[in-house]
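my_file21.cif (mmCIF, C-alpha atoms) appears below.
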data_final
loop_
_atom_site.label_atom_id
_atom_site.label_comp_id
_atom_site.auth_asym_id
_atom_site.auth_seq_id
_atom_site.Cartn_x
_atom_site.Cartn_y
_atom_site.Cartn_z
CA VAL T 209 0.00 0.00 0.00
CA GLU T 210 2.81 2.43 0.88
CA PHE T 211 4.53 1.75 -2.44
CA HIS T 212 1.25 2.35 -4.30
CA LYS T 213 0.75 5.66 -2.51
CA SER T 214 4.30 6.77 -3.22
CA HIS T 215 4.53 6.34 -7.01
CA GLY T 216 1.60 8.57 -8.02
CA GLY T 217 0.18 6.19 -10.61
CA ASP T 218 -3.29 4.70 -10.87
CA GLY T 219 -2.39 1.04 -10.44
CA THR T 220 0.12 -1.40 -9.00
CA ILE T 221 0.70 -4.99 -10.11
CA MET T 222 2.57 -7.62 -8.17
CA VAL T 223 4.93 -9.42 -10.53
CA THR T 224 6.82 -12.70 -10.38
CA GLU T 225 9.36 -14.49 -12.54
CA VAL T 226 8.81 -17.70 -14.53
CA GLU T 227 10.80 -19.71 -17.04
CA ASP T 228 8.05 -19.76 -19.71
CA PRO T 229 6.15 -16.44 -19.73
CA THR T 230 4.21 -17.06 -22.95
CA LYS T 231 1.15 -18.29 -21.02
CA TYR T 232 0.86 -15.13 -18.90
CA GLY T 233 0.59 -11.36 -18.98
CA VAL T 234 4.18 -10.14 -19.36
CA VAL T 235 5.48 -6.96 -17.74
CA ILE T 236 8.37 -4.76 -18.89
CA ALA T 237 9.29 -2.09 -16.32
CA ASP T 238 11.98 0.61 -16.10
CA GLU T 239 14.48 1.16 -13.29
CA ASN T 240 11.80 3.00 -11.28
CA ASN T 241 9.38 0.05 -11.58
CA ARG T 242 7.10 2.01 -13.91
CA ILE T 243 5.57 -0.47 -16.35
CA GLU T 244 6.45 0.54 -19.91
CA LYS T 245 4.69 -2.33 -21.64
CA PHE T 246 2.14 -5.01 -20.75
CA VAL T 247 1.58 -7.86 -23.22
CA GLU T 248 -0.93 -10.63 -22.56
CA LYS T 249 0.40 -14.08 -23.61
CA PRO T 250 3.09 -12.89 -26.05
CA PRO T 251 3.98 -15.41 -28.80
CA VAL T 252 7.71 -14.73 -28.34
CA PHE T 253 9.90 -14.11 -25.29
CA ILE T 254 10.11 -10.45 -24.26
CA SER T 255 10.56 -10.74 -20.48
CA ASN T 256 10.36 -13.36 -17.74
CA LYS T 257 8.43 -11.05 -15.39
CA ILE T 258 4.69 -11.74 -15.36
CA ASN T 259 1.49 -10.53 -13.76
CA ALA T 260 1.15 -12.47 -10.47
CA GLY T 261 -2.59 -11.73 -10.20
CA LEU T 262 -2.59 -9.27 -7.29
CA TYR T 263 -3.49 -5.64 -8.04
CA LEU T 264 -4.07 -2.36 -6.24
CA PHE T 265 -5.96 0.39 -8.08
CA ASN T 266 -7.18 3.90 -7.52
CA THR T 267 -10.89 4.31 -8.12
CA SER T 268 -10.00 6.29 -11.25
CA ILE T 269 -9.57 2.98 -13.07
CA ILE T 270 -13.37 2.85 -13.35
CA ASP T 271 -13.19 5.69 -15.86
CA ARG T 272 -11.09 3.48 -18.12
CA ILE T 273 -13.66 0.69 -18.30
CA GLU T 274 -16.42 1.01 -20.90
CA ASN T 275 -19.93 -0.30 -20.35
CA ARG T 276 -19.24 -3.58 -22.14
CA PRO T 277 -17.35 -6.82 -21.50
CA THR T 278 -13.74 -5.69 -21.07
CA SER T 279 -10.47 -7.59 -20.62
CA ILE T 280 -8.41 -5.80 -18.03
CA GLU T 281 -5.28 -7.66 -19.15
CA ARG T 282 -5.67 -7.12 -22.90
CA GLU T 283 -7.26 -3.65 -22.89
CA ILE T 284 -6.81 -1.77 -19.62
CA PHE T 285 -3.26 -2.69 -18.54
CA PRO T 286 -1.65 -1.95 -21.95
CA LYS T 287 -3.32 1.49 -22.09
CA MET T 288 -2.28 2.29 -18.50
CA ALA T 289 1.28 1.36 -19.46
CA GLU T 290 1.11 3.71 -22.46
CA ASP T 291 -0.10 6.47 -20.15
CA LYS T 292 2.71 5.67 -17.64
CA LYS T 293 0.13 5.15 -14.89
CA ILE T 294 0.89 1.63 -13.72
CA PHE T 295 3.78 0.23 -11.66
CA ALA T 296 5.23 -3.14 -10.68
CA ILE T 297 5.81 -3.97 -7.02
CA PRO T 298 9.59 -4.36 -6.75
CA GLU T 299 9.79 -6.45 -3.57
CA GLU T 300 10.05 -10.23 -3.72
CA PRO T 301 9.62 -10.62 -7.49
CA LYS T 302 9.41 -14.41 -7.20
CA HIS T 303 6.50 -14.38 -4.76
CA MET T 304 3.18 -15.56 -6.20
CA PRO T 305 0.18 -14.64 -4.01
CA ARG T 306 -3.28 -16.20 -4.16
CA ALA T 307 -6.36 -15.30 -2.17
CA GLU T 308 -9.61 -17.16 -1.49
CA VAL T 309 -12.61 -16.68 0.77
CA THR T 310 -13.28 -19.39 3.33
CA ASP T 311 -16.33 -21.65 3.11
CA ASP T 312 -18.18 -19.66 5.79
CA GLY T 313 -17.45 -16.32 4.09
CA GLU T 314 -15.81 -14.95 7.23
CA TYR T 315 -12.13 -14.93 6.28
CA VAL T 316 -9.76 -14.33 3.38
CA ILE T 317 -6.91 -16.83 3.14
CA ILE T 318 -3.80 -15.51 1.39
CA THR T 319 -1.14 -18.00 0.32
CA VAL T 320 2.23 -16.96 -1.08
CA SER T 321 4.38 -19.35 -3.13
CA GLU T 322 7.94 -18.72 -4.24
CA SER T 323 8.34 -21.31 -7.01
CA THR T 324 6.79 -24.53 -8.23
CA ALA T 325 8.05 -26.25 -5.06
CA PRO T 326 5.18 -27.49 -2.82
CA THR T 327 5.76 -24.85 -0.14
CA ASN T 328 3.93 -21.65 0.75
CA LYS T 329 3.26 -19.04 3.40
CA VAL T 330 -0.26 -18.50 4.79
CA TYR T 331 -1.91 -15.29 6.02
CA TRP T 332 -5.50 -14.43 6.86
CA ALA T 333 -7.76 -11.43 7.22
CA LYS T 334 -11.40 -10.97 8.18
CA VAL T 335 -13.75 -10.33 5.29
CA SER T 336 -15.52 -7.69 7.37
CA ASP T 337 -12.24 -5.75 7.71
CA VAL T 338 -11.63 -5.95 3.97
CA ALA T 339 -15.17 -4.76 3.23
CA ALA T 340 -14.89 -1.88 5.71
CA ALA T 341 -11.60 -0.59 4.28
CA SER T 342 -11.85 2.34 1.91
CA GLY T 343 -9.44 4.02 -0.43
CA HIS T 344 -5.86 3.33 0.59
CA ASP T 345 -6.73 2.17 4.11
CA PRO T 346 -4.58 -0.85 5.02
CA VAL T 347 -6.30 -4.07 6.06
CA ALA T 348 -5.03 -6.00 9.08
CA VAL T 349 -3.50 -9.25 7.83
CA THR T 350 -2.37 -11.88 10.33
CA ARG T 351 0.56 -14.22 9.74
CA MET T 352 -0.38 -17.85 10.22
CA ILE T 353 2.66 -19.51 8.60
CA ASP T 354 5.46 -17.13 7.65
CA ASN T 355 8.07 -19.40 6.08
CA PHE T 356 8.52 -21.76 3.15
CA ASP T 357 9.18 -24.93 5.13
CA ALA T 358 6.17 -26.85 3.74
CA GLY T 359 2.98 -26.59 1.70
CA TYR T 360 -0.42 -25.78 3.19
CA ASP T 361 -3.62 -26.02 1.10
CA TYR T 362 -6.84 -24.73 2.67
CA VAL T 363 -9.62 -27.33 2.68
CA THR T 364 -12.31 -25.83 4.94
CA ASN T 365 -12.84 -24.30 8.37
CA GLU T 366 -15.13 -24.64 11.36
CA GLY T 367 -15.12 -21.17 12.87
CA THR T 368 -11.52 -20.38 13.82
CA VAL T 369 -10.36 -23.96 13.21
CA PHE T 370 -8.83 -24.28 9.75
CA TYR T 371 -8.22 -27.57 7.91
CA PHE T 372 -5.10 -27.80 5.73
CA GLN T 373 -3.68 -30.54 3.56
CA THR T 374 0.06 -30.34 4.21
CA ASN T 375 3.40 -32.04 3.64
CA LYS T 376 4.79 -30.62 6.91
CA ASP T 377 6.76 -33.56 8.32
CA ALA T 378 4.63 -35.68 5.96
CA PRO T 379 6.09 -36.30 2.48
CA ARG T 380 2.95 -38.27 1.52
CA TYR T 381 0.71 -35.53 2.95
CA LYS T 382 -1.77 -35.44 5.80
CA LEU T 383 -4.72 -33.33 6.96
CA ILE T 384 -4.26 -31.07 9.98
CA THR T 385 -6.20 -28.38 11.83
CA ILE T 386 -4.84 -25.03 12.96
CA ASP T 387 -6.92 -22.89 15.31
CA ILE T 388 -6.15 -19.26 14.50
CA ALA T 389 -7.12 -18.41 18.07
CA ALA T 390 -4.17 -20.57 19.23
CA PRO T 391 -1.95 -20.92 16.14
CA ASP T 392 1.30 -22.19 17.75
CA GLN T 393 2.50 -25.37 16.08
CA ALA T 394 2.27 -27.21 19.40
CA ASN T 395 -1.52 -26.82 19.13
CA TRP T 396 -1.85 -28.23 15.61
CA LYS T 397 -3.81 -31.48 15.38
CA ASP T 398 -3.70 -34.34 12.89
CA VAL T 399 -7.11 -35.22 11.45
CA LEU T 400 -5.91 -37.64 8.77
CA PRO T 401 -2.40 -38.60 9.92
CA HIS T 402 0.56 -39.34 7.67
CA THR T 403 0.44 -42.96 6.46
CA ALA T 404 2.08 -45.25 3.92
CA ASP T 405 -0.55 -44.09 1.39
CA VAL T 406 -0.35 -40.77 -0.47
CA LEU T 407 -3.12 -38.27 0.27
CA SER T 408 -3.47 -36.77 -3.20
CA GLY T 409 -6.67 -34.75 -2.86
CA ILE T 410 -9.40 -33.80 -0.41
CA VAL T 411 -12.60 -31.73 -0.30
CA CYS T 412 -15.18 -30.89 2.33
CA THR T 413 -18.81 -31.52 1.36
CA GLY T 414 -22.19 -32.35 2.85
CA LYS T 415 -21.59 -29.82 5.62
CA LYS T 416 -19.73 -32.31 7.81
CA TYR T 417 -17.79 -34.73 5.63
CA LEU T 418 -14.29 -34.97 4.16
CA VAL T 419 -13.78 -36.86 0.90
CA ALA T 420 -10.19 -37.97 0.30
CA ILE T 421 -8.26 -39.55 -2.56
CA TYR T 422 -5.46 -41.88 -1.48
CA MET T 423 -2.88 -43.70 -3.59
CA GLN T 424 -2.84 -47.20 -2.13
CA HIS T 425 -0.72 -50.02 -3.54
CA ALA T 426 -0.40 -48.34 -6.95
CA GLN T 427 -4.14 -47.68 -7.22
CA GLN T 428 -6.30 -44.81 -6.03
CA THR T 429 -9.13 -45.05 -3.53
CA LEU T 430 -11.91 -42.65 -2.59
CA THR T 431 -12.99 -42.50 1.06
CA ILE T 432 -15.44 -40.42 3.11
CA PHE T 433 -14.50 -39.33 6.64
CA ASP T 434 -16.21 -37.23 9.28
CA MET T 435 -14.66 -33.94 10.43
CA GLU T 436 -12.74 -35.74 13.18
CA GLY T 437 -11.08 -38.10 10.70
CA LYS T 438 -13.22 -41.16 11.43
CA LYS T 439 -13.89 -43.31 8.36
CA VAL T 440 -17.54 -43.21 7.28
CA GLN T 441 -17.55 -45.01 3.95
CA ALA T 442 -15.33 -46.21 1.13
CA VAL T 443 -16.68 -45.18 -2.26
CA GLU T 444 -16.85 -48.18 -4.57
CA LEU T 445 -14.97 -47.60 -7.81
CA PRO T 446 -15.69 -49.48 -11.06
CA ASP T 447 -12.15 -50.70 -11.64
CA VAL T 448 -8.51 -50.34 -10.63
CA GLY T 449 -7.52 -46.91 -11.87
CA THR T 450 -7.17 -43.20 -11.28
CA VAL T 451 -9.53 -40.81 -9.48
CA GLY T 452 -9.35 -37.16 -10.47
CA SER T 453 -11.21 -33.86 -10.72
CA LEU T 454 -12.56 -34.19 -7.18
CA ARG T 455 -14.95 -31.26 -6.66
CA GLY T 456 -17.45 -30.40 -3.96
CA ARG T 457 -18.74 -27.56 -1.83
CA LYS T 458 -19.26 -27.69 1.89
CA GLU T 459 -22.87 -26.55 1.68
CA ASP T 460 -23.86 -29.14 -0.96
CA MET T 461 -24.93 -32.72 -0.27
CA GLU T 462 -23.05 -34.03 -3.29
CA PHE T 463 -19.60 -34.18 -4.82
CA PHE T 464 -18.16 -34.99 -8.24
CA TYR T 465 -15.14 -36.93 -9.44
CA SER T 466 -13.74 -38.55 -12.55
CA PHE T 467 -12.43 -42.07 -12.94
CA THR T 468 -10.25 -43.77 -15.54
CA GLY T 469 -9.38 -47.47 -15.32
CA PHE T 470 -7.36 -50.00 -17.27
CA VAL T 471 -10.49 -51.19 -19.07
CA THR T 472 -12.74 -48.25 -18.15
CA PRO T 473 -12.79 -45.06 -20.24
CA GLY T 474 -12.84 -41.70 -18.53
CA ILE T 475 -16.15 -41.25 -16.70
CA LYS T 476 -17.45 -38.43 -14.51
CA PHE T 477 -19.50 -39.37 -11.44
CA ARG T 478 -21.86 -37.53 -9.09
CA PHE T 479 -22.14 -38.89 -5.54
CA ASP T 480 -25.13 -38.00 -3.32
CA MET T 481 -24.31 -37.81 0.36
#

The structure in this file should be written as structure tokens.
Amino acid sequence: VEFHKSHGGDGTIMVTEVEDPTKYGVVIADENNRIEKFVEKPPVFISNKINAGLYLFNTSIIDRIENRPTSIEREIFPKMAEDKKIFAIPEEPKHMPRAEVTDDGEYVIITVSESTAPTNKVYWAKVSDVAAASGHDPVAVTRMIDNFDAGYDYVTNEGTVFYFQTNKDAPRYKLITIDIAAPDQANWKDVLPHTADVLSGIVCTGKKYLVAIYMQHAQQTLTIFDMEGKKVQAVELPDVGTVGSLRGRKEDMEFFYSFTGFVTPGIKFRFDM
């Protein structure tokens, strides 16, 4: 926020560096971090610095958007660069932030990755604080995990108790809870402990169930647990094969997944809880 206030432009983009920038919005900036050119998915290499997906704008950007479907990356950013009104955040160019709202709509979870390695930092803020902020007012963000020692993927939360799939001391992954009211690692709890099987995916659905994909003896299984990690049911699969595209929402009494077997073509399934 302080950097955005200081440069006098209308917008700020967080940038990161990648090996293959042709799939992203590419940024070319001068020595003062003023963006000189923004090119969405260039066919040839022009820079390895790309749009990381986190922006800060003045309200004046609204005047640039016509009353029609508009691509901010293909139409707005290039024009702002021409007008010398957009800047790149210079700090931590390899950091890639991502934000999502929790299932209960009460919190914003912010994860920051540094590379393709399965590690990230985790921060949180209250949605009510974000909604109440105006203009350049900073929003209070709380550090939950402030290092790159492991990966933490948000699954769901029950109030202040957050569920994360993690490889912290668990190379084959496990499911843990962290209570943001008592976030010290000593208070973390295992829900689905680390085992000989690989926990390759998990969703929360049906309000009180966890659906997990495990790799077991070179084949994948699909199992339903309660929120305490107690097994409820094994989902019968049509063949030995691969489970993928596991999708579900906490408020829905259903989830979806795909399955491909040795003699079974790719099929998508819907499971009623």

Residues selected by the PyMOL selection byres ((chain T and resi 306) around 6), written as a PDB file with C-alpha atoms, in the frame of the given file:
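Saved as expr18.pdb:
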ATOM      1  CA  PRO T 305       0.180 -14.640  -4.010  1.00  0.00           C
ATOM      2  CA  ALA T 307      -6.360 -15.300  -2.170  1.00  0.00           C
ATOM      3  CA  ILE T 318      -3.800 -15.510   1.390  1.00  0.00           C
ATOM      4  CA  THR T 319      -1.140 -18.000   0.320  1.00  0.00           C
TER       5      THR T 319
END

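Closest to T:Tyr331 among T:Val399, T:Ile284, T:Val316, T:Met461 is T:Val316, based on all atoms listed in the file.
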
Which polymer residues, whether protein, DNA or RNA, lie within 10 Å of the coordinate (5.8, -14.8, -6.7) when you count only C-alpha atoms? List them as a list in words, using the chain letters and numbers from the file.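 Using only C-alpha atoms, the matching residues come out as Met222, Val223, Thr224, Glu225, Val226, Lys257, Ile258, Asn259, Ala260, Gly261, Glu299, Glu300, Pro301, Lys302, His303, Met304, Pro305, Arg306, Val320, Ser321, Glu322, Ser323 and Thr324 of chain T.
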
Distance query T:Val411 at most 9 Å, all atoms listed in the file, self and fewer than 6 positions along chain excluded, as a PyMOL selection string: chain T and resi 363-364+417-420+454-458+463

Decode the PyMOL selection byres ((chain T and resi 291) around 12) for the given file into explicit residues and return them as a PDB file with C-alpha atoms, keeping the file's coordinate frame.
ATOM      1  CA  GLY T 217       0.180   6.190 -10.610  1.00  0.00           C
ATOM      2  CA  ASP T 218      -3.290   4.700 -10.870  1.00  0.00           C
ATOM      3  CA  GLY T 219      -2.390   1.040 -10.440  1.00  0.00           C
ATOM      4  CA  ARG T 242       7.100   2.010 -13.910  1.00  0.00           C
ATOM      5  CA  ILE T 243       5.570  -0.470 -16.350  1.00  0.00           C
ATOM      6  CA  GLU T 244       6.450   0.540 -19.910  1.00  0.00           C
ATOM      7  CA  LYS T 245       4.690  -2.330 -21.640  1.00  0.00           C
ATOM      8  CA  PHE T 246       2.140  -5.010 -20.750  1.00  0.00           C
ATOM      9  CA  ARG T 272     -11.090   3.480 -18.120  1.00  0.00           C
ATOM     10  CA  ILE T 284      -6.810  -1.770 -19.620  1.00  0.00           C
ATOM     11  CA  PHE T 285      -3.260  -2.690 -18.540  1.00  0.00           C
ATOM     12  CA  PRO T 286      -1.650  -1.950 -21.950  1.00  0.00           C
ATOM     13  CA  LYS T 287      -3.320   1.490 -22.090  1.00  0.00           C
ATOM     14  CA  MET T 288      -2.280   2.290 -18.500  1.00  0.00           C
ATOM     15  CA  ALA T 289       1.280   1.360 -19.460  1.00  0.00           C
ATOM     16  CA  GLU T 290       1.110   3.710 -22.460  1.00  0.00           C
ATOM     17  CA  LYS T 292       2.710   5.670 -17.640  1.00  0.00           C
ATOM     18  CA  LYS T 293       0.130   5.150 -14.890  1.00  0.00           C
ATOM     19  CA  ILE T 294       0.890   1.630 -13.720  1.00  0.00           C
ATOM     20  CA  PHE T 295       3.780   0.230 -11.660  1.00  0.00           C
TER      21      PHE T 295
END
